[in-house]
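Okay, work-v5.pdb is below, PDB, C-alpha atoms and all ligand atoms:
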```pdb
ATOM      1  CA  MET A   1    -100.703  56.696 241.757
ATOM      2  CA  ASN A   2    -101.509  56.320 245.471
ATOM      3  CA  LEU A   3    -105.243  56.659 245.875
ATOM      4  CA  PRO A   4    -106.649  58.106 249.103
ATOM      5  CA  GLU A   5    -109.287  56.325 251.183
ATOM      6  CA  TYR A   6    -112.724  57.891 251.312
ATOM      7  CA  HIS A   7    -115.774  57.365 253.530
ATOM      8  CA  CYS A   8    -118.591  57.506 250.989
ATOM      9  CA  LEU A   9    -116.959  56.315 247.794
ATOM     10  CA  ARG A  10    -114.211  54.047 246.535
ATOM     11  CA  HIS A  11    -111.639  55.198 244.037
ATOM     12  CA  GLU A  12    -109.796  52.319 242.383
ATOM     13  CA  GLN A  13    -107.504  51.968 239.422
ATOM     14  CA  PRO A  14    -108.186  48.448 238.117
ATOM     15  CA  GLU A  15    -105.779  48.926 235.205
ATOM     16  CA  PRO A  16    -103.275  51.621 234.319
ATOM     17  CA  GLY A  17    -105.079  54.835 233.437
ATOM     18  CA  ILE A  18    -108.549  53.399 234.109
ATOM     19  CA  HIS A  19    -110.258  54.922 237.136
ATOM     20  CA  LEU A  20    -113.294  53.322 238.734
ATOM     21  CA  VAL A  21    -115.272  55.413 241.210
ATOM     22  CA  THR A  22    -118.047  53.692 243.163
ATOM     23  CA  ILE A  23    -120.427  55.788 245.241
ATOM     24  CA  ASP A  24    -120.668  53.706 248.403
ATOM     25  CA  ARG A  25    -123.638  54.564 250.642
ATOM     26  CA  PRO A  26    -125.905  51.629 249.767
ATOM     27  CA  ARG A  27    -128.044  52.034 252.918
ATOM     28  CA  ALA A  28    -129.173  55.426 251.588
ATOM     29  CA  LEU A  29    -129.256  54.114 248.008
ATOM     30  CA  ASN A  30    -126.002  56.008 247.397
ATOM     31  CA  ALA A  31    -127.723  59.380 247.851
ATOM     32  CA  LEU A  32    -125.363  62.327 247.516
ATOM     33  CA  ASP A  33    -124.750  64.039 250.832
ATOM     34  CA  THR A  34    -122.234  66.819 251.373
ATOM     35  CA  THR A  35    -119.445  64.399 252.336
ATOM     36  CA  THR A  36    -119.963  62.328 249.184
ATOM     37  CA  LEU A  37    -119.995  65.454 247.028
ATOM     38  CA  ALA A  38    -116.798  66.730 248.686
ATOM     39  CA  GLU A  39    -115.093  63.367 248.177
ATOM     40  CA  LEU A  40    -116.191  63.234 244.561
ATOM     41  CA  ALA A  41    -114.809  66.758 244.100
ATOM     42  CA  SER A  42    -111.481  65.558 245.494
ATOM     43  CA  VAL A  43    -111.345  62.632 243.034
ATOM     44  CA  VAL A  44    -112.264  64.877 240.117
ATOM     45  CA  ALA A  45    -109.601  67.447 241.067
ATOM     46  CA  ARG A  46    -106.957  64.684 241.089
ATOM     47  CA  LEU A  47    -108.069  63.228 237.758
ATOM     48  CA  ALA A  48    -108.145  66.656 236.129
ATOM     49  CA  VAL A  49    -104.363  66.974 236.536
ATOM     50  CA  ASP A  50    -103.354  63.315 236.108
ATOM     51  CA  PRO A  51    -101.508  63.018 232.792
ATOM     52  CA  ASP A  52    -101.747  59.210 232.923
ATOM     53  CA  ALA A  53    -105.546  59.083 233.286
ATOM     54  CA  ARG A  54    -107.320  57.567 230.283
ATOM     55  CA  ALA A  55    -110.951  57.042 231.341
ATOM     56  CA  LEU A  56    -113.305  57.323 234.312
ATOM     57  CA  LEU A  57    -115.999  54.783 235.104
ATOM     58  CA  LEU A  58    -118.580  55.945 237.620
ATOM     59  CA  THR A  59    -121.008  53.590 239.325
ATOM     60  CA  GLY A  60    -122.928  52.920 242.551
ATOM     61  CA  GLU A  61    -122.429  50.225 245.167
ATOM     62  CA  GLY A  62    -124.956  47.386 245.211
ATOM     63  CA  ALA A  63    -127.563  46.233 242.752
ATOM     64  CA  LYS A  64    -130.323  48.624 243.779
ATOM     65  CA  ALA A  65    -129.036  52.078 243.008
ATOM     66  CA  PHE A  66    -126.548  54.052 241.001
ATOM     67  CA  VAL A  67    -127.459  57.176 242.987
ATOM     68  CA  ALA A  68    -131.019  57.819 244.256
ATOM     69  CA  GLY A  69    -130.520  61.573 244.219
ATOM     70  CA  ALA A  70    -129.306  64.266 246.513
ATOM     71  CA  ASP A  71    -129.666  63.255 250.162
ATOM     72  CA  ILE A  72    -133.205  64.333 251.020
ATOM     73  CA  SER A  73    -132.700  63.981 254.772
ATOM     74  CA  GLN A  74    -129.814  66.446 254.596
ATOM     75  CA  MET A  75    -131.565  68.730 252.140
ATOM     76  CA  GLN A  76    -134.961  69.054 253.827
ATOM     77  CA  SER A  77    -134.028  71.733 256.346
ATOM     78  CA  LEU A  78    -131.889  73.942 254.104
ATOM     79  CA  SER A  79    -132.682  77.640 254.050
ATOM     80  CA  PRO A  80    -133.068  79.253 250.595
ATOM     81  CA  GLU A  81    -129.526  80.662 250.911
ATOM     82  CA  GLN A  82    -128.119  77.278 251.925
ATOM     83  CA  ALA A  83    -130.036  75.534 249.118
ATOM     84  CA  ARG A  84    -128.617  77.961 246.585
ATOM     85  CA  ALA A  85    -125.088  77.460 247.919
ATOM     86  CA  PHE A  86    -125.553  73.655 247.938
ATOM     87  CA  SER A  87    -126.838  73.681 244.369
ATOM     88  CA  ALA A  88    -124.081  76.030 243.164
ATOM     89  CA  LYS A  89    -121.337  73.892 244.755
ATOM     90  CA  ALA A  90    -122.710  70.693 243.262
ATOM     91  CA  SER A  91    -123.285  72.381 239.894
ATOM     92  CA  ARG A  92    -119.606  73.415 239.887
ATOM     93  CA  LEU A  93    -118.628  69.805 240.632
ATOM     94  CA  PHE A  94    -120.828  68.442 237.844
ATOM     95  CA  LEU A  95    -119.330  70.985 235.416
ATOM     96  CA  ASP A  96    -115.878  69.806 236.505
ATOM     97  CA  ILE A  97    -116.873  66.182 235.848
ATOM     98  CA  GLU A  98    -118.132  67.169 232.419
ATOM     99  CA  ALA A  99    -114.884  69.063 231.746
ATOM    100  CA  LEU A 100    -112.574  66.214 232.809
ATOM    101  CA  PRO A 101    -109.866  65.845 230.176
ATOM    102  CA  VAL A 102    -110.688  62.151 229.684
ATOM    103  CA  PRO A 103    -113.939  60.347 228.805
ATOM    104  CA  ALA A 104    -116.274  59.587 231.704
ATOM    105  CA  ILE A 105    -118.806  56.776 231.462
ATOM    106  CA  ALA A 106    -121.666  56.277 233.918
ATOM    107  CA  LEU A 107    -122.402  52.611 234.631
ATOM    108  CA  VAL A 108    -125.962  52.825 235.893
ATOM    109  CA  ASN A 109    -127.099  49.970 238.094
ATOM    110  CA  GLY A 110    -130.597  50.468 239.542
ATOM    111  CA  TYR A 111    -131.992  53.881 240.402
ATOM    112  CA  ALA A 112    -130.482  57.012 238.855
ATOM    113  CA  LEU A 113    -132.930  59.580 240.168
ATOM    114  CA  GLY A 114    -132.701  63.330 240.605
ATOM    115  CA  GLY A 115    -129.070  64.185 241.334
ATOM    116  CA  GLY A 116    -128.201  60.608 240.327
ATOM    117  CA  CYS A 117    -129.610  61.077 236.841
ATOM    118  CA  GLU A 118    -127.875  64.458 236.708
ATOM    119  CA  LEU A 119    -124.583  62.852 237.748
ATOM    120  CA  ALA A 120    -124.934  60.297 234.948
ATOM    121  CA  LEU A 121    -125.723  63.142 232.522
ATOM    122  CA  ALA A 122    -122.499  64.916 233.517
ATOM    123  CA  CYS A 123    -120.663  61.877 232.128
ATOM    124  CA  ASP A 124    -120.009  61.547 228.398
ATOM    125  CA  TRP A 125    -122.239  58.563 228.055
ATOM    126  CA  ILE A 126    -124.302  56.104 229.993
ATOM    127  CA  VAL A 127    -124.400  52.319 230.001
ATOM    128  CA  ALA A 128    -127.570  51.040 231.672
ATOM    129  CA  ALA A 129    -127.850  47.730 233.452
ATOM    130  CA  GLU A 130    -131.048  45.801 232.983
ATOM    131  CA  GLY A 131    -133.094  47.111 235.911
ATOM    132  CA  ALA A 132    -131.754  50.659 235.689
ATOM    133  CA  VAL A 133    -134.362  53.367 236.308
ATOM    134  CA  PHE A 134    -133.813  56.991 235.331
ATOM    135  CA  GLY A 135    -135.823  60.026 236.305
ATOM    136  CA  GLN A 136    -135.993  63.574 237.581
ATOM    137  CA  PRO A 137    -138.597  63.225 240.330
ATOM    138  CA  GLU A 138    -137.813  66.553 241.999
ATOM    139  CA  VAL A 139    -141.250  67.992 241.221
ATOM    140  CA  ASN A 140    -142.652  65.308 243.557
ATOM    141  CA  LEU A 141    -140.617  66.952 246.336
ATOM    142  CA  GLY A 142    -141.669  70.470 245.464
ATOM    143  CA  ILE A 143    -138.337  71.493 243.959
ATOM    144  CA  PRO A 144    -136.854  71.751 240.471
ATOM    145  CA  PRO A 145    -133.667  69.826 239.632
ATOM    146  CA  GLY A 146    -130.663  71.598 241.125
ATOM    147  CA  PHE A 147    -127.663  69.821 239.654
ATOM    148  CA  GLY A 148    -128.089  70.749 235.990
ATOM    149  CA  GLY A 149    -130.980  68.455 235.048
ATOM    150  CA  THR A 150    -133.064  71.208 233.461
ATOM    151  CA  GLN A 151    -130.107  71.988 231.188
ATOM    152  CA  ARG A 152    -128.363  68.688 230.468
ATOM    153  CA  LEU A 153    -131.370  66.439 229.930
ATOM    154  CA  PRO A 154    -132.849  68.607 227.113
ATOM    155  CA  ARG A 155    -129.385  68.812 225.543
ATOM    156  CA  ARG A 156    -128.799  65.041 225.711
ATOM    157  CA  ILE A 157    -132.179  63.836 224.463
ATOM    158  CA  ALA A 158    -134.982  65.417 222.436
ATOM    159  CA  PRO A 159    -136.048  68.583 224.326
ATOM    160  CA  GLY A 160    -139.754  67.740 224.225
ATOM    161  CA  LYS A 161    -139.125  64.322 225.736
ATOM    162  CA  ALA A 162    -136.818  65.845 228.357
ATOM    163  CA  LEU A 163    -139.408  68.417 229.355
ATOM    164  CA  GLU A 164    -142.039  65.673 229.607
ATOM    165  CA  LEU A 165    -139.823  63.828 232.084
ATOM    166  CA  LEU A 166    -138.908  67.014 233.982
ATOM    167  CA  PHE A 167    -142.501  68.260 234.298
ATOM    168  CA  THR A 168    -144.051  64.910 235.215
ATOM    169  CA  GLY A 169    -141.264  63.218 237.167
ATOM    170  CA  ARG A 170    -141.987  60.060 235.146
ATOM    171  CA  GLN A 171    -139.281  57.432 235.503
ATOM    172  CA  VAL A 172    -137.974  55.407 232.564
ATOM    173  CA  LYS A 173    -136.493  51.940 232.560
ATOM    174  CA  ALA A 174    -133.380  50.849 230.697
ATOM    175  CA  ASP A 175    -135.092  49.935 227.400
ATOM    176  CA  GLU A 176    -136.828  53.310 227.137
ATOM    177  CA  ALA A 177    -133.652  55.100 228.254
ATOM    178  CA  VAL A 178    -131.856  53.540 225.273
ATOM    179  CA  ALA A 179    -134.776  54.259 222.929
ATOM    180  CA  ILE A 180    -134.777  57.985 223.799
ATOM    181  CA  GLY A 181    -130.988  58.274 223.637
ATOM    182  CA  LEU A 182    -130.456  58.802 227.352
ATOM    183  CA  ALA A 183    -128.424  55.592 227.666
ATOM    184  CA  ASN A 184    -126.202  54.297 224.886
ATOM    185  CA  GLU A 185    -126.890  50.649 225.568
ATOM    186  CA  LYS A 186    -128.424  48.156 227.981
ATOM    187  CA  VAL A 187    -126.444  45.214 229.326
ATOM    188  CA  PRO A 188    -127.226  42.412 231.801
ATOM    189  CA  ALA A 189    -126.656  43.661 235.355
ATOM    190  CA  ASP A 190    -123.842  41.207 236.002
ATOM    191  CA  ALA A 191    -122.043  42.351 232.837
ATOM    192  CA  LEU A 192    -122.128  46.076 233.610
ATOM    193  CA  LEU A 193    -118.657  46.452 235.065
ATOM    194  CA  ALA A 194    -117.094  44.169 232.452
ATOM    195  CA  ARG A 195    -118.702  46.235 229.695
ATOM    196  CA  GLY A 196    -117.423  49.420 231.316
ATOM    197  CA  MET A 197    -113.916  47.983 231.489
ATOM    198  CA  GLU A 198    -114.140  46.876 227.858
ATOM    199  CA  LEU A 199    -115.077  50.409 226.799
ATOM    200  CA  ALA A 200    -112.381  51.979 228.986
ATOM    201  CA  ARG A 201    -109.738  49.596 227.569
ATOM    202  CA  THR A 202    -110.780  50.471 224.039
ATOM    203  CA  ILE A 203    -110.440  54.177 224.829
ATOM    204  CA  ALA A 204    -107.097  53.599 226.589
ATOM    205  CA  SER A 205    -105.751  51.772 223.525
ATOM    206  CA  LYS A 206    -106.250  54.832 221.289
ATOM    207  CA  GLY A 207    -103.976  57.837 220.994
ATOM    208  CA  PRO A 208    -104.344  59.407 224.462
ATOM    209  CA  PHE A 209    -103.533  62.902 223.255
ATOM    210  CA  ALA A 210    -106.083  62.576 220.441
ATOM    211  CA  VAL A 211    -108.786  61.315 222.808
ATOM    212  CA  ARG A 212    -108.197  64.318 225.052
ATOM    213  CA  LEU A 213    -108.378  66.633 222.048
ATOM    214  CA  VAL A 214    -111.711  65.118 220.989
ATOM    215  CA  LYS A 215    -113.113  65.770 224.432
ATOM    216  CA  GLN A 216    -111.692  69.276 224.506
ATOM    217  CA  ALA A 217    -113.093  70.097 221.065
ATOM    218  CA  TRP A 218    -116.558  68.916 222.080
ATOM    219  CA  GLN A 219    -116.447  70.740 225.401
ATOM    220  CA  ARG A 220    -115.183  74.028 224.012
ATOM    221  CA  GLY A 221    -117.386  73.905 220.930
ATOM    222  CA  GLN A 222    -120.683  73.461 222.749
ATOM    223  CA  SER A 223    -121.146  77.109 223.626
ATOM    224  CA  LEU A 224    -120.057  78.353 220.185
ATOM    225  CA  ASP A 225    -121.754  78.584 216.814
ATOM    226  CA  LEU A 226    -120.761  75.965 214.249
ATOM    227  CA  ALA A 227    -118.166  78.102 212.436
ATOM    228  CA  GLN A 228    -116.451  79.099 215.685
ATOM    229  CA  ALA A 229    -116.586  75.541 216.961
ATOM    230  CA  CYS A 230    -115.017  74.227 213.749
ATOM    231  CA  ALA A 231    -112.263  76.842 214.172
ATOM    232  CA  VAL A 232    -111.582  75.439 217.641
ATOM    233  CA  GLU A 233    -111.445  71.978 216.082
ATOM    234  CA  SER A 234    -108.919  73.201 213.475
ATOM    235  CA  ASP A 235    -106.710  74.652 216.231
ATOM    236  CA  LEU A 236    -106.779  71.373 218.146
ATOM    237  CA  PHE A 237    -106.202  69.393 214.933
ATOM    238  CA  GLY A 238    -103.092  71.504 214.369
ATOM    239  CA  LEU A 239    -101.998  70.935 217.952
ATOM    240  CA  ALA A 240    -102.157  67.167 217.374
ATOM    241  CA  PHE A 241     -99.367  67.536 214.816
ATOM    242  CA  SER A 242     -97.040  68.737 217.554
ATOM    243  CA  SER A 243     -97.454  65.413 219.360
ATOM    244  CA  ALA A 244     -95.398  62.245 219.353
ATOM    245  CA  ASP A 245     -98.675  60.296 219.246
ATOM    246  CA  GLN A 246     -99.549  61.720 215.811
ATOM    247  CA  LYS A 247     -96.132  60.795 214.436
ATOM    248  CA  GLU A 248     -96.275  57.315 215.915
ATOM    249  CA  GLY A 249     -99.898  56.739 214.840
ATOM    250  CA  MET A 250     -99.287  57.647 211.214
ATOM    251  CA  ARG A 251     -95.887  55.923 211.034
ATOM    252  CA  ALA A 252     -97.398  52.742 212.484
ATOM    253  CA  PHE A 253    -100.201  52.827 209.892
ATOM    254  CA  LEU A 254     -97.741  53.168 207.016
ATOM    255  CA  GLU A 255     -95.511  50.450 208.481
ATOM    256  CA  LYS A 256     -98.584  48.190 208.877
ATOM    257  CA  ARG A 257     -98.076  47.626 212.605
ATOM    258  CA  ALA A 258     -99.946  48.529 215.772
ATOM    259  CA  ALA A 259     -99.170  51.974 217.146
ATOM    260  CA  VAL A 260     -97.479  52.287 220.514
ATOM    261  CA  PHE A 261     -98.773  55.554 221.945
ATOM    262  CA  ARG A 262     -97.061  57.410 224.764
ATOM    263  CA  GLY A 263     -99.707  60.055 225.317
ATOM    264  CA  ASP A 264     -97.637  63.057 224.392
TER     265      ASP A 264
HETATM  266  N1  LIG A 301    -131.932  60.744 250.026
HETATM  267  C1  LIG A 301    -131.793  60.187 251.248
HETATM  268  N2  LIG A 301    -132.131  58.912 251.514
HETATM  269  C2  LIG A 301    -132.647  58.178 250.516
HETATM  270  C3  LIG A 301    -132.834  58.695 249.214
HETATM  271  C4  LIG A 301    -132.433  60.059 248.979
HETATM  272  N3  LIG A 301    -132.534  60.635 247.776
HETATM  273  N4  LIG A 301    -133.377  57.719 248.446
HETATM  274  C5  LIG A 301    -133.516  56.646 249.236
HETATM  275  N5  LIG A 301    -133.079  56.914 250.483
HETATM  276  C6  LIG A 301    -133.062  56.022 251.642
HETATM  277  C7  LIG A 301    -134.483  55.806 252.175
HETATM  278  O1  LIG A 301    -134.863  56.867 253.029
HETATM  279  C8  LIG A 301    -134.294  54.501 252.920
HETATM  280  O2  LIG A 301    -133.663  54.748 254.155
HETATM  281  P1  LIG A 301    -134.113  53.958 255.513
HETATM  282  O3  LIG A 301    -135.559  54.259 255.676
HETATM  283  O4  LIG A 301    -133.841  52.504 255.202
HETATM  284  O5  LIG A 301    -133.226  54.533 256.566
HETATM  285  C9  LIG A 301    -133.315  53.744 252.051
HETATM  286  O6  LIG A 301    -132.650  54.738 251.250
HETATM  287  C10 LIG A 301    -133.988  52.762 251.108
HETATM  288  O7  LIG A 301    -134.975  53.464 250.376
HETATM  289  P2  LIG A 301    -136.503  52.978 250.297
HETATM  290  O8  LIG A 301    -136.890  52.211 251.517
HETATM  291  O9  LIG A 301    -137.330  54.153 249.930
HETATM  292  O10 LIG A 301    -136.411  51.939 249.089
HETATM  293  P3  LIG A 301    -137.563  51.569 248.055
HETATM  294  O11 LIG A 301    -137.042  50.408 247.286
HETATM  295  O12 LIG A 301    -138.892  51.440 248.737
HETATM  296  O13 LIG A 301    -137.657  52.834 247.080
HETATM  297  C11 LIG A 301    -136.781  54.592 245.696
HETATM  298  C12 LIG A 301    -136.545  53.187 246.283
HETATM  299  C13 LIG A 301    -135.486  55.021 244.960
HETATM  300  C14 LIG A 301    -137.933  54.563 244.667
HETATM  301  C15 LIG A 301    -137.131  55.568 246.843
HETATM  302  O14 LIG A 301    -136.114  55.447 247.846
HETATM  303  C16 LIG A 301    -137.163  56.997 246.417
HETATM  304  O15 LIG A 301    -138.129  57.451 245.828
HETATM  305  N6  LIG A 301    -136.107  57.741 246.795
HETATM  306  C17 LIG A 301    -136.053  59.159 246.547
HETATM  307  C18 LIG A 301    -135.764  59.388 245.079
HETATM  308  C19 LIG A 301    -135.779  60.851 244.771
HETATM  309  O16 LIG A 301    -136.781  61.542 244.911
HETATM  310  N7  LIG A 301    -134.638  61.294 244.316
HETATM  311  C20 LIG A 301    -134.475  62.704 243.995
HETATM  312  C21 LIG A 301    -133.913  63.360 245.203
HETATM  313  S1  LIG A 301    -133.977  65.078 244.979
HETATM  314  C22 LIG A 301    -130.962  71.421 244.787
HETATM  315  C23 LIG A 301    -129.928  70.559 244.849
HETATM  316  C24 LIG A 301    -130.064  69.319 244.417
HETATM  317  C25 LIG A 301    -131.234  68.865 243.937
HETATM  318  C26 LIG A 301    -132.291  69.687 243.886
HETATM  319  C27 LIG A 301    -132.184  70.978 244.278
HETATM  320  N8  LIG A 301    -130.828  72.726 245.305
HETATM  321  C28 LIG A 301    -130.097  72.828 246.537
HETATM  322  C29 LIG A 301    -131.527  73.779 244.704
HETATM  323  C30 LIG A 301    -131.363  67.496 243.623
HETATM  324  C31 LIG A 301    -132.410  66.889 244.194
HETATM  325  C32 LIG A 301    -132.572  65.473 244.203
HETATM  326  O17 LIG A 301    -131.791  64.686 243.763
END
```

Please render this file's structure as structure tokens.
Amino acid sequence: MNLPEYHCLRHEQPEPGIHLVTIDRPRALNALDTTTLAELASVVARLAVDPDARALLLTGEGAKAFVAGADISQMQSLSPEQARAFSAKASRLFLDIEALPVPAIALVNGYALGGGCELALACDWIVAAEGAVFGQPEVNLGIPPGFGGTQRLPRRIAPGKALELLFTGRQVKADEAVAIGLANEKVPADALLARGMELARTIASKGPFAVRLVKQAWQRGQSLDLAQACAVESDLFGLAFSSADQKEGMRAFLEKRAAVFRGD
């Protein structure tokens, strides 16, 4: 896959199927301006239709920040109509990240504040580097979160804890982020990318069709009651039995050898 060049991010494919996206505006602590959001939307649109994609790793350039939020200098002069349009566009993008057909993992180095925390929350899970700081400080700026923070944070962690963080703007470090279930694990800063690659390789080694079905089941089931969601799961379970991966996976088990999945 030929990857385009961007101005505010880097899109690399370090290994087949593994996509690494690095938000690259370190002088503004990787804050999300309209160009960065548009470039991220372009990457996400490509990944959404890439049958060979297996996992996305999302991180920020430099040791200081994952993403320090939406770009305040660009945001400060927005009219209410422009602010609504900006929020709606970014919300659409974050929904598209969440709905990617493959797992997305946020590798959080340094600050993940405001839109940065919301971007990490749009990923399936978060690995925090020692030194990572999470928070929704929007109330300090006189605004509520605009990229899904009021919705995703209370769904990811205990609602009472989420509301505490949303109402007070209090920031949490990596250890507390793990303790409250915001991050899955904490790793030394210099091991963050290696840990991300290890996780992505593990995912890529599994049945690709099955991994996509897991993600789809979770995504589609979230807005349904349990019985309806389990019905969706049954449909997708049935669909798996139309795949070559299912036949290969079960044959390999019975033949006591490693499966060789093709992803179809
Ligand atoms: N936007 C723009 N520039 C930023 C930035 C940001 N979010 N965060 C940092 N920078 C810039 C700083 O202005 C500074 O630029 P220069 O002065 O060097 O030109 C440079 O990055 C380095 O930052 P500091 O000098 O401040 O570095 P410190 O180590 O002293 O402090 C910090 C680091 C992360 C604690 C501090 O920079 C900070 O508090 N940053 C702002 C964090 C924040 O409040 N983030 C939330 C942003 S609000 C909506 C749509 C979206 C959203 C809301 C509504 N609608 C349209 C409805 C989302 C909002 C947000 O994300």

Using the file's own x, y and z axes, what box holds all listed atoms of stretch 72-83 of chain A with 6 Å on each side, keeping edges along x, y and z, and what are its centre and edge lengths in Å to one decimal, as AutoDock Vina command-line options?
```
--center_x -131.5 --center_y 72.3 --center_z 252.7 --size_x 18.8 --size_y 28.7 --size_z 19.2
```

Shell of 6 Å around ligand LIG 301 (chain A) (all atoms listed in the file), written as an MDAnalysis selection string: chainID A and resid 27:29 31 68:73 83:84 86:87 111 113:115 137:138 145:147

Excluding A:Ala258 and residues on its chain fewer than 2 positions from it, collect all residues at most 12 Å away from it, counting all atoms listed in the file, and give them as a list of chain:residue names.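 Here the answer would be A:Ser205, A:Lys206, A:Gly207, A:Glu248, A:Gly249, A:Met250, A:Arg251, A:Ala252, A:Phe253, A:Leu254, A:Glu255, A:Lys256, A:Val260, A:Phe261.
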
Check which residues satisfy the PyMOL selection byres (((chain A and resi 125) around 8) and not hetatm) in the file shown, then give them as a PDB file with C-alpha atoms, in the frame of the given file.
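Done, and the output landed in selection-v9.pdb:
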```
ATOM      1  CA  ALA A 104    -116.274  59.587 231.704  1.00  0.00           C
ATOM      2  CA  ILE A 105    -118.806  56.776 231.462  1.00  0.00           C
ATOM      3  CA  ALA A 106    -121.666  56.277 233.918  1.00  0.00           C
ATOM      4  CA  ALA A 120    -124.934  60.297 234.948  1.00  0.00           C
ATOM      5  CA  LEU A 121    -125.723  63.142 232.522  1.00  0.00           C
ATOM      6  CA  CYS A 123    -120.663  61.877 232.128  1.00  0.00           C
ATOM      7  CA  ASP A 124    -120.009  61.547 228.398  1.00  0.00           C
ATOM      8  CA  ILE A 126    -124.302  56.104 229.993  1.00  0.00           C
ATOM      9  CA  VAL A 127    -124.400  52.319 230.001  1.00  0.00           C
ATOM     10  CA  ALA A 183    -128.424  55.592 227.666  1.00  0.00           C
ATOM     11  CA  ASN A 184    -126.202  54.297 224.886  1.00  0.00           C
TER      12      ASN A 184
END
```

Do you have the atom CA of A:Gly238-atom CA of A:Leu226 distance handy?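 These atoms are spaced 18.2 Å apart.
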
Between atom CA of A:Asn2 and atom CA of A:Thr36 lies a distance of 19.8 Å

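Residue nearest A:Leu192 within the list A:Leu239, A:Leu224, A:Ala132, A:Leu119: A:Ala132 [criterion: smallest interatomic distance, all atoms listed in the file].
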
Hey, what comes out of the PyMOL selection byres (((chain A and resi 55) around 6) and not hetatm) on this file? Could you write it as a ChimeraX atom specification? /A:18,54,56,102-104,200

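Shell of A:Ala158 at 10 Å, with all atoms listed in the file counted and residues fewer than 3 places along the chain excluded, is Leu153, Pro154, Arg155, Lys161, Ala162, Leu163, Ile180, Gly181 and Leu182 of chain A.
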
A:Asp175: which residues within 9 Å, counting all atoms listed in the file, same-chain residues fewer than 2 positions away excluded, as number ranges by chain? A: 128, 130, 132, 172-173, 177-180, 183, 185-186

Counting only C-alpha atoms, which residue out of A:Ala41, A:Leu78, A:Leu100, A:Ala189 sits closest to A:Ala65? A:Ala189

So which residues touch A:Gly17 within 12 Å, counting all atoms listed in the file, skipping near sequence neighbours fewer than 3 positions away, as an MDAnalysis selection string? chainID A and resid 1 12:14 20 47 50:57 102:103 197 200:205 208 263

For the structure shown, which residues end up in the PyMOL selection byres (((chain A and resi 209) around 8) and not hetatm)? Put them as an MDAnalysis selection string, please? chainID A and resid 207:208 210:213 240 243 245 263:264

At what distance in Å, to one decimal, does atom CA of A:Leu107 lie from atom CA of A:Gln74? 25.4 Å
